[in-house]
Amino acid sequence: RAKRLGLSLSEAKDIIDVYDSPRDTGAQLRKFLEVLGQHRQQLEDRMADLQMNLDEVREHENEARQLLDKVDGKK
């Protein structure tokens with residue numbers, strides 16, 4: 001399940017260690033939520049970076065199309 005969520009090996013180990021320990025269920029769930037929250041934030045940060053890159057690529061594509069239209073219009 002941790003692999004499917006994209007968690008790192010150390011994050012997966014933290015979760016497994018919690019579930020292998022004799023702690024109460026509340027502590028296990030709090031740790032699980034902490035790890036998931038950190039992972040979600042990392043994914044959101046990466047998604048924001050990807051969106052910025054995608055926006056920049058679109059901008060360059062539009063500029064290139066406009067320049068191409070000018071070049072083609074001169075022929």
# chains A, B, ... in the order shown; residues from 1 in each chain; ligands from 1
call {"tool": "residues_around", "arguments": {"residues": "stretch 11-18 of chain A", "least_positions_apart": "6", "cutoff": "10 Å", "atoms": "only C-alpha atoms", "output": "count of residues only"}}
result
18
call {"tool": "atom_distance", "arguments": {"atom1": "atom CA of A:Gln42", "atom2": "atom CA of A:Ser10"}}
result
14.5 Å
call {"tool": "closest_residue", "arguments": {"among": "A:His60, A:Arg65, A:Lys70, A:Arg40", "to": "A:Gly6", "atoms": "only C-alpha atoms"}}
result
A:Arg40
call {"tool": "atom_distance", "arguments": {"atom1": "atom CA of A:Met47", "atom2": "atom CA of A:Ser8"}}
result
17.2 Å
call {"tool": "decode", "arguments": {"residues": "stretch 14-58 of chain A", "atoms": "C-alpha atoms", "output": "mmCIF file, in the first residue's frame"}}
result
data_model
loop_
_atom_site.group_PDB
_atom_site.id
_atom_site.type_symbol
_atom_site.label_atom_id
_atom_site.label_comp_id
_atom_site.auth_asym_id
_atom_site.auth_seq_id
_atom_site.Cartn_x
_atom_site.Cartn_y
_atom_site.Cartn_z
ATOM 1 C CA ASP A 14 8.069 4.416 9.731
ATOM 2 C CA ILE A 15 4.536 3.206 9.145
ATOM 3 C CA ILE A 16 5.492 -0.466 9.387
ATOM 4 C CA ASP A 17 7.434 0.186 12.598
ATOM 5 C CA VAL A 18 4.404 1.858 14.125
ATOM 6 C CA TYR A 19 2.140 -1.051 13.244
ATOM 7 C CA ASP A 20 4.688 -3.591 14.484
ATOM 8 C CA SER A 21 4.996 -1.841 17.832
ATOM 9 C CA PRO A 22 2.743 -2.623 20.794
ATOM 10 C CA ARG A 23 1.427 0.968 20.862
ATOM 11 C CA ASP A 24 -2.211 1.836 20.927
ATOM 12 C CA THR A 25 -4.231 2.358 17.763
ATOM 13 C CA GLY A 26 -4.487 6.121 18.344
ATOM 14 C CA ALA A 27 -0.722 6.552 18.236
ATOM 15 C CA GLN A 28 -0.507 4.423 15.117
ATOM 16 C CA LEU A 29 -3.165 6.458 13.349
ATOM 17 C CA ARG A 30 -1.569 9.763 14.384
ATOM 18 C CA LYS A 31 1.799 8.625 12.982
ATOM 19 C CA PHE A 32 0.120 7.400 9.809
ATOM 20 C CA LEU A 33 -1.621 10.768 9.378
ATOM 21 C CA GLU A 34 1.654 12.597 9.996
ATOM 22 C CA VAL A 35 3.494 10.590 7.335
ATOM 23 C CA LEU A 36 0.615 10.946 4.875
ATOM 24 C CA GLY A 37 0.403 14.685 5.501
ATOM 25 C CA GLN A 38 4.101 15.160 4.828
ATOM 26 C CA HIS A 39 3.879 13.062 1.688
ATOM 27 C CA ARG A 40 0.801 14.953 0.467
ATOM 28 C CA GLN A 41 2.634 18.255 0.935
ATOM 29 C CA GLN A 42 5.587 16.972 -1.088
ATOM 30 C CA LEU A 43 3.227 15.886 -3.876
ATOM 31 C CA GLU A 44 1.426 19.235 -3.836
ATOM 32 C CA ASP A 45 4.764 21.075 -4.036
ATOM 33 C CA ARG A 46 5.865 18.940 -6.979
ATOM 34 C CA MET A 47 2.491 19.448 -8.659
ATOM 35 C CA ALA A 48 2.828 23.230 -8.304
ATOM 36 C CA ASP A 49 6.322 23.086 -9.825
ATOM 37 C CA LEU A 50 5.063 20.947 -12.702
ATOM 38 C CA GLN A 51 2.165 23.343 -13.305
ATOM 39 C CA MET A 52 4.572 26.285 -13.464
ATOM 40 C CA ASN A 53 6.757 24.381 -15.950
ATOM 41 C CA LEU A 54 3.737 23.452 -18.025
ATOM 42 C CA ASP A 55 2.552 27.071 -18.097
ATOM 43 C CA GLU A 56 6.013 28.171 -19.260
ATOM 44 C CA VAL A 57 6.063 25.537 -22.014
ATOM 45 C CA ARG A 58 2.642 26.713 -23.219
#
